[in-house]
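Okay, structure first, notes after.
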Amino acid sequence: MTETNNLSSTIQNVSRRELRGLVRTQLQMLLEAGDLQGAKAILVPVQPADIAEAIEGLPEAMHALAFRLLFKDEAIEVYEYLDYSVQEQLIDELKSQEVRDIVDQMSPDDRARLFDELSAKVVNRLLEQLSPAERQATAQLLGYEADTAGRIMTLELISLKENFTVSQALERIRNFANASEMIYYLYVTDAERRLTGIVSLRELVTSEPEQIIGEIMTRDVVFVHTDTDQEEVARLIQRYDFLAVPVVDREQRLVSIVTVDDVIDILQQETTEDIYALGGVQSGGDNYFQMNLLEIARKRVVWLLVLLVTNTITGTIIKSQEDMLAKVVTLTAFMPLLTGTGGNVGAQSSTVVIRGMNTDEIRSLGALQVIGREAMAGVLLGGMSGTIATVWAYFLQGRLEVAIAVGASLVAISILASISGSALPFLFRYLRLDPALMSAPFITTAVDVVGVLIYFNLARVILKL
């Protein structure tokens, strides 16, 4: 118990990051020593999210053992924070009743996201074990398309009627607060459950008890539909600094709400997928560091094969220019500089344009305006780097014609890379593909091939070969 007391005494003196590492280390040490009481004790003052991270950091064989140390109510909360791969493993290892109790008590939206990650066989088995009410709620969410507001909304909310008094509304909140995920915003509906307004908890507690809700509510309500894309929902909540946004069906009837905590998860997930795609890694939404090495290799090999094919094409182009290279062999010394610069400029342009698309920063700009702006940036970048490259090439080789060929090629390649890097994301979006697929490896391979052609043709003209 000495380790337990030491941990408890240092909790107030360490950062959250240090605390999580300390909890995981102490937990693993106590489990390896067979001290289950000590392991259980050190988890008592720790937040559920930190417990989940500590469990994920344990060897796989200890996951179920550590999870069983938790009290039932805490276990349900911790389970919702765990990575999907760990959740699936626990389903396989825990007893059927334990699994049923945990999954049945999860919020419907978290349960639906878990079911998205499980096999159909396991999902059907778990659905059969749920209580009728939870089974119906989960089936309702799973009935909506993936990555839409309907799939991520929570069904736990409190709605009011326009003819309620403030005192009636507060009484309703007191009665149903524990069954609702959000009580700071109250949504008002008519007799047909159509959304007509919104009132905040602050407005309720500061109004007179006999005032009518219809008199104090705001009728201009920002809402989304059940089929609205989840990224659009996230941007909406981010733009207006909402804690939640109501979800309605096509008849304007209030269905549920999407809360800001779900939006944070969505933004992290979408950003991670985009970053992986920009790097040429097909994540598929999985936690990269939870995947086995064979799966990682399979997902990363695609762009490597593309690069292999492209380099073969580049090599063929170089081979076709053997006669010129034999006469001016110094031309080969600058090829890595030109292809590397072109790839970097193109990757920069594609990255800023894709990011601008995701954050709506370029919504007010047309595609041609964005591409023109990047083209001008390419002119400036090419001019600066081309001038430096010309001077440097002349200093190294002492031949002005070669130096001019290198500098002019660098300008042309920079302009081409900027235009390509900014235009291709718009093309992919027009084709209804993810612009992030137009990633750095893609633009690098394309610019390599065209850049070599530009270099050799300009050199042939300038050197009169």
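So you can find residues: chains in the structure tokens are A, B, ... in the order shown, residues in each start at 1, and ligands are numbered from 1 in order.
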query = What's the 12 Å shell around Arg460 in chain A, counting only C-alpha atoms, without same-chain residues fewer than 3 positions away, as a list in words?
reply = Gln321, Asp323, Met324, Leu325, Lys327, Val328, Leu331, Glu401, Val402, Ile404, Ala405, Val406, Ser409, Leu453, Ile454, Tyr455, Phe456, Asn457, Leu463, Lys464 and Leu465 of chain A
Write out, as a JSON list (two decimals), in the first residue's frame, the residues just selected, with N, CA, C and O atoms.
[["chain", "number", "residue", "atom", "x", "y", "z"],
["A", 321, "GLN", "N", 17.23, 11.22, -72.52],
["A", 321, "GLN", "CA", 18.05, 12.42, -72.71],
["A", 321, "GLN", "C", 19.53, 12.13, -72.54],
["A", 321, "GLN", "O", 20.32, 13.03, -72.23],
["A", 323, "ASP", "N", 21.87, 11.58, -74.65],
["A", 323, "ASP", "CA", 22.77, 12.30, -75.55],
["A", 323, "ASP", "C", 23.10, 13.68, -75.01],
["A", 323, "ASP", "O", 24.25, 14.14, -75.06],
["A", 324, "MET", "N", 22.09, 14.39, -74.47],
["A", 324, "MET", "CA", 22.33, 15.72, -73.93],
["A", 324, "MET", "C", 23.14, 15.64, -72.64],
["A", 324, "MET", "O", 24.05, 16.44, -72.41],
["A", 325, "LEU", "N", 22.82, 14.67, -71.78],
["A", 325, "LEU", "CA", 23.53, 14.53, -70.51],
["A", 325, "LEU", "C", 24.98, 14.15, -70.73],
["A", 325, "LEU", "O", 25.86, 14.53, -69.94],
["A", 327, "LYS", "N", 26.80, 15.23, -73.10],
["A", 327, "LYS", "CA", 27.51, 16.45, -73.50],
["A", 327, "LYS", "C", 27.64, 17.42, -72.33],
["A", 327, "LYS", "O", 28.65, 18.12, -72.19],
["A", 328, "VAL", "N", 26.58, 17.52, -71.49],
["A", 328, "VAL", "CA", 26.61, 18.44, -70.34],
["A", 328, "VAL", "C", 26.23, 17.64, -69.10],
["A", 328, "VAL", "O", 25.10, 17.69, -68.61],
["A", 331, "LEU", "N", 24.33, 18.81, -65.76],
["A", 331, "LEU", "CA", 22.87, 18.99, -65.62],
["A", 331, "LEU", "C", 22.28, 18.03, -64.59],
["A", 331, "LEU", "O", 21.30, 18.36, -63.93],
["A", 401, "GLU", "N", 25.25, 29.30, -69.00],
["A", 401, "GLU", "CA", 24.10, 28.68, -69.66],
["A", 401, "GLU", "C", 23.44, 27.65, -68.75],
["A", 401, "GLU", "O", 22.20, 27.58, -68.66],
["A", 402, "VAL", "N", 24.25, 26.83, -68.09],
["A", 402, "VAL", "CA", 23.71, 25.82, -67.17],
["A", 402, "VAL", "C", 23.01, 26.50, -66.00],
["A", 402, "VAL", "O", 21.91, 26.09, -65.59],
["A", 404, "ILE", "N", 21.58, 29.45, -65.91],
["A", 404, "ILE", "CA", 20.32, 30.03, -66.37],
["A", 404, "ILE", "C", 19.27, 28.94, -66.57],
["A", 404, "ILE", "O", 18.09, 29.12, -66.22],
["A", 405, "ALA", "N", 19.66, 27.80, -67.11],
["A", 405, "ALA", "CA", 18.73, 26.69, -67.31],
["A", 405, "ALA", "C", 18.16, 26.21, -65.97],
["A", 405, "ALA", "O", 16.96, 25.92, -65.85],
["A", 406, "VAL", "N", 19.01, 26.12, -64.97],
["A", 406, "VAL", "CA", 18.57, 25.68, -63.64],
["A", 406, "VAL", "C", 17.61, 26.71, -63.05],
["A", 406, "VAL", "O", 16.52, 26.36, -62.54],
["A", 409, "SER", "N", 14.25, 26.86, -64.96],
["A", 409, "SER", "CA", 13.47, 25.65, -64.69],
["A", 409, "SER", "C", 12.83, 25.71, -63.30],
["A", 409, "SER", "O", 11.69, 25.30, -63.11],
["A", 453, "LEU", "N", 10.74, 16.95, -67.34],
["A", 453, "LEU", "CA", 10.52, 17.30, -68.74],
["A", 453, "LEU", "C", 10.80, 18.78, -69.00],
["A", 453, "LEU", "O", 11.43, 19.15, -70.00],
["A", 454, "ILE", "N", 10.31, 19.65, -68.09],
["A", 454, "ILE", "CA", 10.54, 21.09, -68.23],
["A", 454, "ILE", "C", 12.04, 21.39, -68.20],
["A", 454, "ILE", "O", 12.57, 22.15, -69.03],
["A", 455, "TYR", "N", 12.74, 20.78, -67.26],
["A", 455, "TYR", "CA", 14.17, 21.03, -67.09],
["A", 455, "TYR", "C", 14.95, 20.66, -68.34],
["A", 455, "TYR", "O", 15.75, 21.46, -68.86],
["A", 456, "PHE", "N", 14.72, 19.47, -68.86],
["A", 456, "PHE", "CA", 15.48, 19.01, -70.03],
["A", 456, "PHE", "C", 15.16, 19.84, -71.27],
["A", 456, "PHE", "O", 16.04, 20.16, -72.06],
["A", 457, "ASN", "N", 13.90, 20.20, -71.45],
["A", 457, "ASN", "CA", 13.53, 20.97, -72.63],
["A", 457, "ASN", "C", 14.09, 22.39, -72.57],
["A", 457, "ASN", "O", 14.56, 22.92, -73.59],
["A", 463, "LEU", "N", 20.91, 25.76, -73.99],
["A", 463, "LEU", "CA", 22.27, 25.29, -74.35],
["A", 463, "LEU", "C", 22.41, 25.00, -75.84],
["A", 463, "LEU", "O", 23.49, 24.65, -76.31],
["A", 464, "LYS", "N", 21.28, 25.12, -76.57],
["A", 464, "LYS", "CA", 21.26, 24.92, -78.02],
["A", 464, "LYS", "C", 21.83, 23.54, -78.39],
["A", 464, "LYS", "O", 22.71, 23.41, -79.25],
["A", 465, "LEU", "N", 21.32, 22.53, -77.71],
["A", 465, "LEU", "CA", 21.78, 21.16, -77.98],
["A", 465, "LEU", "C", 20.82, 20.42, -78.92],
["A", 465, "LEU", "O", 19.63, 20.67, -78.90]]
task = Report as a PyMOL selection string: the residues of range 126-307 of chain A with a DSSP assignment of alpha helix (DSSP H), based on the backbone of this structure.
result = chain A and resi 126-129+132-142+149-152+166-176+201-205+213-216+230-240+260-278+293-307
If you keep C-alpha atoms, can you produce a file of those selected residues as a PDB file, in the first residue's frame?
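New file result23.pdb:
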ATOM      1  CA  LEU A 126     -25.490  -7.098 -28.199  1.00  0.00           C
ATOM      2  CA  LEU A 127     -28.736  -5.667 -29.596  1.00  0.00           C
ATOM      3  CA  GLU A 128     -30.591  -8.756 -28.395  1.00  0.00           C
ATOM      4  CA  GLN A 129     -29.214  -8.229 -24.882  1.00  0.00           C
ATOM      5  CA  PRO A 132     -36.341  -2.750 -25.240  1.00  0.00           C
ATOM      6  CA  ALA A 133     -36.034   1.018 -24.766  1.00  0.00           C
ATOM      7  CA  GLU A 134     -32.266   1.068 -25.384  1.00  0.00           C
ATOM      8  CA  ARG A 135     -32.611  -1.330 -28.317  1.00  0.00           C
ATOM      9  CA  GLN A 136     -35.147   0.991 -29.939  1.00  0.00           C
ATOM     10  CA  ALA A 137     -32.978   4.085 -29.326  1.00  0.00           C
ATOM     11  CA  THR A 138     -29.917   2.394 -30.799  1.00  0.00           C
ATOM     12  CA  ALA A 139     -31.803   1.056 -33.800  1.00  0.00           C
ATOM     13  CA  GLN A 140     -33.117   4.571 -34.458  1.00  0.00           C
ATOM     14  CA  LEU A 141     -29.594   6.024 -34.602  1.00  0.00           C
ATOM     15  CA  LEU A 142     -28.233   3.137 -36.663  1.00  0.00           C
ATOM     16  CA  ALA A 149     -26.198  14.395 -37.683  1.00  0.00           C
ATOM     17  CA  GLY A 150     -28.750  11.613 -37.176  1.00  0.00           C
ATOM     18  CA  ARG A 151     -25.985   9.114 -36.440  1.00  0.00           C
ATOM     19  CA  ILE A 152     -24.190  11.223 -33.819  1.00  0.00           C
ATOM     20  CA  VAL A 166     -41.477  29.404 -16.302  1.00  0.00           C
ATOM     21  CA  SER A 167     -42.302  27.549 -13.075  1.00  0.00           C
ATOM     22  CA  GLN A 168     -43.710  24.592 -15.056  1.00  0.00           C
ATOM     23  CA  ALA A 169     -40.570  24.547 -17.218  1.00  0.00           C
ATOM     24  CA  LEU A 170     -38.274  24.537 -14.171  1.00  0.00           C
ATOM     25  CA  GLU A 171     -40.305  21.749 -12.592  1.00  0.00           C
ATOM     26  CA  ARG A 172     -39.949  19.723 -15.800  1.00  0.00           C
ATOM     27  CA  ILE A 173     -36.188  20.275 -15.772  1.00  0.00           C
ATOM     28  CA  ARG A 174     -35.968  19.093 -12.153  1.00  0.00           C
ATOM     29  CA  ASN A 175     -37.903  15.947 -12.992  1.00  0.00           C
ATOM     30  CA  PHE A 176     -35.971  14.979 -16.135  1.00  0.00           C
ATOM     31  CA  LEU A 201     -31.582  27.980 -18.506  1.00  0.00           C
ATOM     32  CA  ARG A 202     -30.271  31.433 -17.550  1.00  0.00           C
ATOM     33  CA  GLU A 203     -33.350  33.079 -19.083  1.00  0.00           C
ATOM     34  CA  LEU A 204     -35.605  30.710 -17.158  1.00  0.00           C
ATOM     35  CA  VAL A 205     -34.073  31.293 -13.734  1.00  0.00           C
ATOM     36  CA  ILE A 213     -42.252  30.424 -22.399  1.00  0.00           C
ATOM     37  CA  GLY A 214     -43.564  31.783 -25.700  1.00  0.00           C
ATOM     38  CA  GLU A 215     -42.912  35.313 -24.422  1.00  0.00           C
ATOM     39  CA  ILE A 216     -39.245  34.848 -23.494  1.00  0.00           C
ATOM     40  CA  GLN A 230     -21.337  15.656 -39.398  1.00  0.00           C
ATOM     41  CA  GLU A 231     -18.514  17.969 -40.506  1.00  0.00           C
ATOM     42  CA  GLU A 232     -21.070  20.659 -41.326  1.00  0.00           C
ATOM     43  CA  VAL A 233     -22.638  20.158 -37.883  1.00  0.00           C
ATOM     44  CA  ALA A 234     -19.220  20.555 -36.268  1.00  0.00           C
ATOM     45  CA  ARG A 235     -18.483  23.739 -38.217  1.00  0.00           C
ATOM     46  CA  LEU A 236     -21.877  25.161 -37.247  1.00  0.00           C
ATOM     47  CA  ILE A 237     -21.339  24.591 -33.526  1.00  0.00           C
ATOM     48  CA  GLN A 238     -17.811  25.973 -33.812  1.00  0.00           C
ATOM     49  CA  ARG A 239     -18.951  29.067 -35.738  1.00  0.00           C
ATOM     50  CA  TYR A 240     -21.684  30.040 -33.244  1.00  0.00           C
ATOM     51  CA  VAL A 260     -20.275  19.958 -28.315  1.00  0.00           C
ATOM     52  CA  ASP A 261     -18.431  16.986 -26.775  1.00  0.00           C
ATOM     53  CA  ASP A 262     -19.426  14.859 -29.752  1.00  0.00           C
ATOM     54  CA  VAL A 263     -18.340  17.648 -32.105  1.00  0.00           C
ATOM     55  CA  ILE A 264     -14.875  17.764 -30.537  1.00  0.00           C
ATOM     56  CA  ASP A 265     -14.513  14.033 -31.212  1.00  0.00           C
ATOM     57  CA  ILE A 266     -15.665  14.552 -34.809  1.00  0.00           C
ATOM     58  CA  LEU A 267     -13.219  17.397 -35.431  1.00  0.00           C
ATOM     59  CA  GLN A 268     -10.361  15.335 -34.036  1.00  0.00           C
ATOM     60  CA  GLN A 269     -11.365  12.306 -36.110  1.00  0.00           C
ATOM     61  CA  GLU A 270     -11.770  14.278 -39.349  1.00  0.00           C
ATOM     62  CA  THR A 271      -8.536  16.213 -38.820  1.00  0.00           C
ATOM     63  CA  THR A 272      -6.639  12.995 -38.116  1.00  0.00           C
ATOM     64  CA  GLU A 273      -7.996  11.375 -41.267  1.00  0.00           C
ATOM     65  CA  ASP A 274      -7.049  14.432 -43.344  1.00  0.00           C
ATOM     66  CA  ILE A 275      -3.529  14.557 -41.940  1.00  0.00           C
ATOM     67  CA  TYR A 276      -3.061  10.848 -42.608  1.00  0.00           C
ATOM     68  CA  ALA A 277      -4.371  11.310 -46.144  1.00  0.00           C
ATOM     69  CA  LEU A 278      -2.045  14.275 -46.725  1.00  0.00           C
ATOM     70  CA  LEU A 293       2.458  -3.832 -38.376  1.00  0.00           C
ATOM     71  CA  LEU A 294       1.138  -5.857 -41.304  1.00  0.00           C
ATOM     72  CA  GLU A 295      -1.973  -3.692 -41.476  1.00  0.00           C
ATOM     73  CA  ILE A 296       0.158  -0.550 -41.261  1.00  0.00           C
ATOM     74  CA  ALA A 297       2.352  -1.754 -44.111  1.00  0.00           C
ATOM     75  CA  ARG A 298      -0.699  -2.563 -46.243  1.00  0.00           C
ATOM     76  CA  LYS A 299      -2.152   0.911 -45.730  1.00  0.00           C
ATOM     77  CA  ARG A 300       1.099   2.746 -46.427  1.00  0.00           C
ATOM     78  CA  VAL A 301       2.319   0.746 -49.397  1.00  0.00           C
ATOM     79  CA  VAL A 302      -0.140   2.256 -51.898  1.00  0.00           C
ATOM     80  CA  TRP A 303       1.658   5.563 -52.332  1.00  0.00           C
ATOM     81  CA  LEU A 304       5.028   3.814 -52.266  1.00  0.00           C
ATOM     82  CA  LEU A 305       3.919   1.761 -55.255  1.00  0.00           C
ATOM     83  CA  VAL A 306       2.740   4.946 -56.974  1.00  0.00           C
ATOM     84  CA  LEU A 307       6.136   6.503 -56.306  1.00  0.00           C
TER      85      LEU A 307
END
query = What's the 12 Å shell around Lys72 in chain A, counting only C-alpha atoms, without same-chain residues fewer than 3 positions away, as number ranges by chain?
reply = A: 67-69, 75-79, 97-103, 105
request  = Mind listing the strand (DSSP E or B) residues of range 159-278 of chain A, per DSSP on the backbone, as a ChimeraX atom specification?
outcome  = /A:159-161,165,182-189,194-200,212,218,224-225,229,244-248,253-259
key: Long-range neighbours of range 343-352 of chain A as a count of residues only, 8 Å cut-off, only C-alpha atoms, 3 positions minimum in chain   = 24
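Near range 20-33 of chain A, within 6 Å and counting only C-alpha atoms, sit A:Arg17, A:Ala39, A:Asp50, A:Ala54, not including residues fewer than 3 positions from it in the same chain.
The two atoms in question, CA of Glu156 in chain A and CA of Pro108 in chain A, are spaced 8.5 Å apart.
Residues in contact range of Thr226 in chain A, defined as at most 9 Å between only C-alpha atoms, with sequence neighbours fewer than 4 positions away removed, read Tyr144, Thr148, Ala149, Gly150, Arg151, Met153, Val247, Val248, Asp249, Arg250, Val255 and Ser256 of chain A.
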A:Val391, A:Leu90, A:Ile413, A:Leu70 ranked by distance to Ala375 in chain A, top pick (using only C-alpha atoms) = A:Ile413
Please identify all polymer residues within 7 Å of range 182-185 of chain A, counting only C-alpha atoms, omitting same-chain residues fewer than 4 positions from it, and present them as an mmCIF file with N, CA and C atoms, in the first residue's frame.
data_model
loop_
_atom_site.group_PDB
_atom_site.id
_atom_site.type_symbol
_atom_site.label_atom_id
_atom_site.label_comp_id
_atom_site.auth_asym_id
_atom_site.auth_seq_id
_atom_site.Cartn_x
_atom_site.Cartn_y
_atom_site.Cartn_z
ATOM 1 N N LEU A 157 -32.858 14.543 -24.235
ATOM 2 C CA LEU A 157 -33.036 15.989 -24.161
ATOM 3 C C LEU A 157 -34.374 16.319 -23.517
ATOM 4 N N ALA A 177 -33.899 16.094 -15.436
ATOM 5 C CA ALA A 177 -32.505 16.518 -15.615
ATOM 6 C C ALA A 177 -31.560 15.334 -15.711
ATOM 7 N N ILE A 198 -36.163 28.530 -28.800
ATOM 8 C CA ILE A 198 -35.159 28.059 -27.855
ATOM 9 C C ILE A 198 -35.112 29.026 -26.681
ATOM 10 N N VAL A 199 -34.884 28.491 -25.490
ATOM 11 C CA VAL A 199 -34.758 29.322 -24.299
ATOM 12 C C VAL A 199 -33.619 28.746 -23.464
ATOM 13 N N SER A 200 -32.804 29.596 -22.903
ATOM 14 C CA SER A 200 -31.669 29.128 -22.103
ATOM 15 C C SER A 200 -32.087 28.967 -20.644
ATOM 16 N N LEU A 201 -31.325 28.173 -19.931
ATOM 17 C CA LEU A 201 -31.582 27.980 -18.506
ATOM 18 C C LEU A 201 -31.418 29.302 -17.758
#
